[in-house]
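Shown here: run_25.tsv, TSV, C-alpha atoms.
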```
chain	number	residue	atom	x	y	z
A	1	MET	CA	95.12	220.07	143.15
A	2	SER	CA	98.44	218.28	142.66
A	3	ALA	CA	101.94	218.48	144.08
A	4	LYS	CA	105.29	216.84	143.66
A	5	ARG	CA	106.19	214.36	146.39
A	6	THR	CA	109.40	212.46	147.06
A	7	PHE	CA	109.12	208.68	147.00
A	8	ARG	CA	111.86	206.23	147.91
A	9	VAL	CA	111.01	202.83	146.44
A	10	TRP	CA	112.81	199.51	146.81
A	11	ARG	CA	114.20	198.30	143.51
A	12	GLY	CA	115.74	194.92	142.78
A	13	GLY	CA	115.72	191.67	144.71
A	14	GLY	CA	116.75	190.91	148.26
A	15	ASP	CA	120.05	192.71	147.70
A	16	GLY	CA	118.46	195.71	145.98
A	17	ASP	CA	118.37	199.29	147.17
A	18	LEU	CA	116.09	202.31	147.47
A	19	ALA	CA	115.65	204.56	144.43
A	20	GLU	CA	114.36	208.10	144.80
A	21	TYR	CA	111.67	209.61	142.56
A	22	GLU	CA	109.73	212.86	142.37
A	23	VAL	CA	106.14	211.91	141.57
A	24	GLU	CA	102.99	213.94	141.05
A	25	VAL	CA	100.33	213.33	143.71
A	26	ASN	CA	96.71	214.44	143.41
A	27	GLU	CA	94.28	215.16	146.20
A	28	GLY	CA	92.49	212.07	147.53
A	29	GLU	CA	94.94	209.54	146.11
A	30	VAL	CA	96.33	206.47	147.85
A	31	VAL	CA	99.89	205.14	147.69
A	32	LEU	CA	98.95	202.57	145.05
A	33	ASP	CA	97.72	205.36	142.77
A	34	VAL	CA	101.10	207.04	143.01
A	35	LEU	CA	102.95	203.78	142.35
A	36	HIS	CA	100.85	203.28	139.21
A	37	ARG	CA	101.74	206.82	138.06
A	38	LEU	CA	105.38	206.05	138.76
A	39	GLN	CA	105.09	202.98	136.54
A	40	ALA	CA	103.43	205.01	133.81
A	41	THR	CA	105.90	207.88	133.79
A	42	GLN	CA	109.30	206.91	135.17
A	43	ALA	CA	109.67	203.23	136.07
A	44	PRO	CA	107.73	201.00	133.66
A	45	ASP	CA	109.52	197.90	134.95
A	46	LEU	CA	108.50	198.47	138.60
A	47	ALA	CA	107.00	195.24	139.99
A	48	VAL	CA	103.92	195.79	142.16
A	49	ARG	CA	101.36	193.17	143.09
A	50	TRP	CA	97.74	194.34	143.26
A	51	ASN	CA	94.28	193.26	142.18
A	52	CYS	CA	91.06	194.78	143.56
A	53	LYS	CA	92.21	198.21	144.75
A	54	ALA	CA	89.42	198.04	147.33
A	55	GLY	CA	91.14	196.58	150.39
A	56	LYS	CA	89.58	193.13	149.92
A	57	CYS	CA	92.09	191.00	148.03
A	58	GLY	CA	95.16	191.48	150.23
A	59	SER	CA	97.49	191.58	147.22
A	60	CYS	CA	99.14	194.97	147.64
A	61	SER	CA	100.71	194.38	151.05
A	62	MET	CA	103.98	196.24	151.57
A	63	GLU	CA	105.74	198.42	154.12
A	64	ILE	CA	105.19	202.16	153.92
A	65	ASN	CA	107.44	204.31	156.09
A	66	GLY	CA	108.28	201.19	158.06
A	67	ARG	CA	104.68	200.14	158.80
A	68	PRO	CA	103.05	197.10	157.14
A	69	ARG	CA	100.05	198.38	155.20
A	70	LEU	CA	97.83	197.82	152.17
A	71	SER	CA	98.97	200.39	149.62
A	72	CYS	CA	95.44	200.70	148.22
A	73	MET	CA	94.10	201.73	151.63
A	74	THR	CA	96.89	204.11	152.65
A	75	ARG	CA	95.91	207.64	151.75
A	76	MET	CA	98.59	210.16	150.93
A	77	SER	CA	96.89	212.60	153.28
A	78	VAL	CA	98.22	210.65	156.29
A	79	PHE	CA	101.73	211.88	155.48
A	80	GLY	CA	103.01	215.40	156.02
A	81	PRO	CA	103.29	217.65	152.94
A	82	GLU	CA	107.09	217.55	153.04
A	83	GLU	CA	107.42	213.97	154.28
A	84	THR	CA	109.31	211.49	152.10
A	85	VAL	CA	107.32	208.30	151.53
A	86	THR	CA	109.47	205.18	151.67
A	87	VAL	CA	107.95	202.04	150.15
A	88	THR	CA	109.57	198.64	150.66
A	89	PRO	CA	108.45	195.00	150.29
A	90	MET	CA	107.34	192.96	153.31
A	91	ARG	CA	110.46	192.17	155.27
A	92	THR	CA	109.53	188.72	156.52
A	93	PHE	CA	109.23	187.05	153.11
A	94	PRO	CA	111.80	186.64	150.30
A	95	VAL	CA	111.78	189.43	147.73
A	96	ILE	CA	111.15	188.33	144.16
A	97	ARG	CA	111.63	191.77	142.67
A	98	ASP	CA	110.95	195.34	143.76
A	99	LEU	CA	107.77	195.31	145.90
A	100	VAL	CA	106.73	191.73	145.15
A	101	CYS	CA	107.43	189.02	147.73
A	102	ASP	CA	107.28	185.24	147.68
A	103	VAL	CA	104.50	184.47	150.16
A	104	SER	CA	104.35	180.72	149.45
A	105	TYR	CA	105.34	180.07	153.09
A	106	ASN	CA	101.81	181.09	154.06
A	107	TYR	CA	100.11	178.75	151.60
A	108	ALA	CA	102.28	175.86	152.74
A	109	LYS	CA	101.21	176.49	156.34
A	110	ALA	CA	97.55	176.69	155.29
A	111	ARG	CA	97.75	173.21	153.75
A	112	GLU	CA	99.00	171.74	157.03
A	113	ILE	CA	95.84	172.58	158.98
A	114	PRO	CA	93.37	169.69	159.26
A	115	SER	CA	90.07	170.78	157.77
A	116	PHE	CA	86.65	171.11	159.38
A	117	THR	CA	85.73	167.70	160.80
A	118	PRO	CA	82.01	167.13	161.46
A	119	PRO	CA	80.79	164.21	163.59
A	120	GLU	CA	80.72	160.90	161.75
A	121	ASP	CA	76.93	160.62	162.02
A	122	ALA	CA	76.12	164.26	161.24
A	123	GLY	CA	73.40	164.88	158.69
A	124	PRO	CA	72.39	168.10	156.94
A	125	GLU	CA	69.72	168.72	159.55
A	126	GLY	CA	72.28	168.50	162.35
A	127	TYR	CA	74.10	171.73	161.65
A	128	ARG	CA	72.52	174.10	164.12
A	129	MET	CA	74.53	176.87	165.75
A	130	ALA	CA	73.77	179.63	168.18
A	131	GLN	CA	74.07	183.11	166.70
A	132	GLU	CA	76.84	183.88	169.16
A	133	ASP	CA	78.94	181.03	167.74
A	134	VAL	CA	78.25	182.21	164.20
A	135	GLN	CA	79.39	185.74	165.00
A	136	ARG	CA	82.53	184.54	166.72
A	137	SER	CA	83.79	182.56	163.73
A	138	GLN	CA	82.53	185.18	161.27
A	139	GLU	CA	85.03	187.68	162.64
A	140	PHE	CA	87.90	185.36	161.73
A	141	ARG	CA	86.46	184.76	158.27
A	142	LYS	CA	86.82	188.46	157.48
A	143	CYS	CA	90.53	187.77	156.90
A	144	ILE	CA	91.63	188.77	153.37
A	145	GLU	CA	94.97	186.93	153.68
A	146	CYS	CA	97.10	190.00	153.14
A	147	PHE	CA	99.61	188.31	155.50
A	148	LEU	CA	100.47	191.60	157.17
A	149	CYS	CA	99.97	189.91	160.55
A	150	ASN	CA	102.47	187.18	159.69
A	151	ASN	CA	104.81	189.79	158.26
A	152	VAL	CA	104.86	191.90	161.43
A	153	CYS	CA	105.11	188.97	163.88
A	154	HIS	CA	108.60	189.14	165.35
A	155	VAL	CA	108.70	185.35	165.88
A	156	ILE	CA	109.42	184.89	162.18
A	157	ARG	CA	110.27	188.46	161.19
A	158	ASP	CA	113.42	188.41	163.30
A	159	HIS	CA	114.04	184.66	163.40
A	160	GLU	CA	114.01	182.91	160.05
A	161	GLU	CA	114.71	179.59	161.73
A	162	ASN	CA	111.29	179.64	163.41
A	163	LYS	CA	109.34	179.46	160.15
A	164	GLU	CA	109.46	175.67	160.09
A	165	HIS	CA	107.78	175.44	163.49
A	166	PHE	CA	105.49	178.48	163.55
A	167	SER	CA	102.37	179.06	161.46
A	168	GLY	CA	101.96	182.71	162.38
A	169	PRO	CA	98.90	184.62	163.62
A	170	ARG	CA	96.88	184.13	160.45
A	171	PHE	CA	96.84	180.33	160.63
A	172	LEU	CA	96.78	180.03	164.41
A	173	MET	CA	93.61	182.09	164.05
A	174	ARG	CA	92.30	179.47	161.61
A	175	VAL	CA	93.08	176.72	164.11
A	176	ALA	CA	91.26	178.71	166.80
A	177	GLU	CA	88.25	179.19	164.53
A	178	LEU	CA	87.93	175.45	163.97
A	179	GLU	CA	88.59	174.61	167.63
A	180	MET	CA	85.79	176.97	168.69
A	181	HIS	CA	83.32	175.64	166.10
A	182	PRO	CA	80.53	173.79	167.96
A	183	GLU	CA	79.97	171.36	165.06
A	184	ASP	CA	83.64	170.38	164.74
A	185	SER	CA	84.46	167.03	166.35
A	186	ALA	CA	88.25	167.28	166.24
A	187	ASP	CA	90.57	168.50	168.99
A	188	ARG	CA	93.25	170.85	167.72
A	189	ARG	CA	94.69	171.94	171.04
A	190	MET	CA	97.74	169.71	171.05
A	191	ILE	CA	98.68	170.30	167.42
A	192	ALA	CA	98.20	174.04	167.91
A	193	GLN	CA	100.99	173.87	170.47
A	194	ASP	CA	103.18	171.10	169.07
A	195	GLU	CA	102.76	171.45	165.30
A	196	PHE	CA	101.83	175.07	164.69
A	197	GLY	CA	103.92	176.79	167.37
A	198	LEU	CA	101.30	178.49	169.54
A	199	GLY	CA	103.81	178.58	172.40
A	200	TYR	CA	106.06	180.92	170.40
A	201	CYS	CA	103.40	183.64	170.50
A	202	ASN	CA	103.92	186.07	173.40
A	203	ILE	CA	100.78	188.15	172.64
A	204	THR	CA	102.42	191.47	171.77
A	205	LYS	CA	99.28	192.30	169.72
A	206	CYS	CA	101.30	193.63	166.80
A	207	CYS	CA	99.27	191.36	164.50
A	208	THR	CA	96.03	192.96	165.66
A	209	GLU	CA	97.45	196.46	165.18
A	210	VAL	CA	98.19	195.97	161.47
A	211	CYS	CA	95.07	193.98	160.49
A	212	PRO	CA	93.22	196.01	157.83
A	213	GLU	CA	89.96	194.22	158.68
A	214	GLY	CA	90.16	195.13	162.36
A	215	ILE	CA	90.11	191.50	163.52
A	216	LYS	CA	91.07	191.18	167.18
A	217	ILE	CA	93.47	188.33	166.44
A	218	THR	CA	95.17	188.31	169.82
A	219	ASP	CA	92.22	188.87	172.14
A	220	ASN	CA	89.61	186.77	170.34
A	221	ALA	CA	91.69	183.97	168.81
A	222	LEU	CA	95.19	183.51	170.19
A	223	ILE	CA	94.57	184.10	173.90
A	224	PRO	CA	91.43	181.89	174.01
A	225	LEU	CA	93.33	179.18	172.14
A	226	LYS	CA	96.20	179.41	174.63
A	227	GLU	CA	93.68	179.03	177.46
A	228	ARG	CA	92.23	175.92	175.86
A	229	VAL	CA	95.69	174.43	175.35
A	230	ALA	CA	96.60	175.11	178.99
A	231	GLY	CA	93.39	173.43	180.13
A	232	ARG	CA	94.08	170.36	178.02
A	233	ARG	CA	97.75	170.07	178.88
A	234	TYR	CA	97.80	170.96	182.58
A	235	ASP	CA	94.33	170.23	184.00
A	236	PRO	CA	94.89	167.20	186.29
A	237	VAL	CA	91.39	165.81	185.66
A	238	VAL	CA	91.89	165.92	181.90
A	239	TRP	CA	95.33	164.34	182.31
A	240	LEU	CA	93.90	161.49	184.40
A	241	GLY	CA	91.09	160.92	181.92
A	242	SER	CA	93.58	160.63	179.09
A	243	LYS	CA	95.55	158.02	181.04
A	244	ILE	CA	92.54	155.78	181.64
A	245	GLY	CA	91.16	156.17	178.13
A	246	LEU	CA	88.33	158.65	178.70
A	247	ARG	CA	89.25	160.79	175.73
A	248	GLY	CA	85.95	161.31	173.84
A	249	ARG	CA	86.15	164.53	171.83
A	250	ASP	CA	89.66	165.03	173.17
A	251	ALA	CA	91.04	162.53	170.66
A	252	ASP	CA	93.84	164.35	168.86
A	253	THR	CA	93.40	165.56	165.32
A	254	PRO	CA	95.66	163.57	163.00
A	255	ARG	CA	98.78	165.24	161.72
A	256	VAL	CA	97.88	164.25	158.17
A	257	PRO	CA	95.95	167.25	156.81
A	258	ASN	CA	92.31	167.03	155.80
A	259	THR	CA	91.55	163.58	157.12
A	260	ARG	CA	89.01	162.52	159.69
A	261	PRO	CA	90.31	161.49	163.15
A	262	GLY	CA	91.54	157.93	163.03
A	263	ASP	CA	91.19	157.72	159.26
A	264	GLY	CA	94.83	157.64	158.24
A	265	GLY	CA	93.83	157.38	154.60
A	266	PRO	CA	94.28	159.83	151.75
A	267	PRO	CA	93.12	163.43	152.19
A	268	LEU	CA	89.43	164.08	151.76
A	269	PRO	CA	88.46	165.89	148.54
```
Translate this structure into structure tokens?
Amino acid sequence: MSAKRTFRVWRGGGDGDLAEYEVEVNEGEVVLDVLHRLQATQAPDLAVRWNCKAGKCGSCSMEINGRPRLSCMTRMSVFGPEETVTVTPMRTFPVIRDLVCDVSYNYAKAREIPSFTPPEDAGPEGYRMAQEDVQRSQEFRKCIECFLCNNVCHVIRDHEENKEHFSGPRFLMRVAELEMHPEDSADRRMIAQDEFGLGYCNITKCCTEVCPEGIKITDNALIPLKERVAGRRYDPVVWLGSKIGLRGRDADTPRVPNTRPGDGGPPLP
């Protein structure tokens, strides 16, 4: 069973505009299916980024009727039979053309995060973790890097000037994952606040709401990380220990990415 549906699709670059199309839609299809039919029948030059069509690559992120979504996971059945479907690129990132954005901001932020840092004397037999710790970090590793959470975060969505100082929910979650790892010897609490902009986050939970993997970014990553930062920064006992040199594991992670604490040399391979 098929029917004609009205689609309004963004065409052009950042100064483009919406173009209206009447497209055939079949029962059970998703928005990406319809965009492919639009390419095949009316707009062969329409730029759409996609890869797996299974909700696991994060490539087809866009905004559909104003909500950040994966087009391959958004079924046409969620819209009313007479409802116009408006498809636009992610608003937070520069538009290359049509529905394709330049998301290089996210990759630049990823490279700034110091990598997993095991203890200096750790051997292969030393990596033992409780199942609870494994499950906690495993939730964060479900991320498919669709960047919908960064796209919807108002800190950079509405304030371009904050991008230099704010890594967004996706990479603050990565910092939290490493900070919570029991075999990681680095302390990322200060750089989370000072380098990656944790203080900008006011826990509106919009990132959690749009996550296609259902990761509880705010409750399980950002809020616990904020609590750890507050303990490090404002706990008087910790402050006193830092003044008299009792730092231990609290030695700050270096700002140079992917180096061991105190190394200062070139990045590790």
So, counting only C-alpha atoms, which residue among A:Val31, A:Val175, A:Cys72, A:Ala108 is closest to Gly197 of chain A?
A:Val175
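Residue nearest Met180 of chain A within the list A:Trp10, A:Phe140, A:Tyr21, A:Phe166: A:Phe140 [criterion: smallest interatomic distance, all atoms listed in the file].
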Measuring between only C-alpha atoms, which one of A:Asn162, A:Ser167, A:Gln135, A:Thr6 shows the shortest distance to Val34 of chain A?
A:Thr6
Quick one: everything within 9 Å of Ser61 of chain A, counting only C-alpha atoms, minus sequence neighbours fewer than 2 positions away in the same chain. Send it as an NGL selection string.
:A and (49-50 or 58-59 or 63 or 68-72 or 89-90 or 99-100 or 146-148)
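Only residues having an atom at most 9 Å from (96.7, 173.9, 160.9) are included; using all atoms listed in the file, these are Lys109, Ala110, Arg111, Glu112, Ile113, Pro114, Ser115, Ser167, Phe171, Leu172, Arg174, Val175, Arg188, Ile191, Ala192, Glu195, Phe196, Arg255 and Pro257 of chain A.
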Counting all atoms listed in the file, the residue of A:Gln193, A:Thr218, A:Thr92, A:Ser104 that sits nearest Arg157 of chain A
A:Thr92
Write out as JSON, numbers by chain the residues lying within 10 Å of Gln42 of chain A, counting all atoms listed in the file and excluding same-chain residues fewer than 5 positions away.
{"A": [21, 22, 23, 37]}
Quick one: residues within 8 Å of Ala221 of chain A, only C-alpha atoms, excluding same-chain residues fewer than 2 positions away - as a PyMOL selection string?
chain A and resi 172-173+176-177+216-219+223-225
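Remark: for Leu38 of chain A, the closest of the candidate residues A:Val9, A:Met62, A:Ala186, A:Cys52 is A:Val9 (distances computed over all atoms listed in the file).
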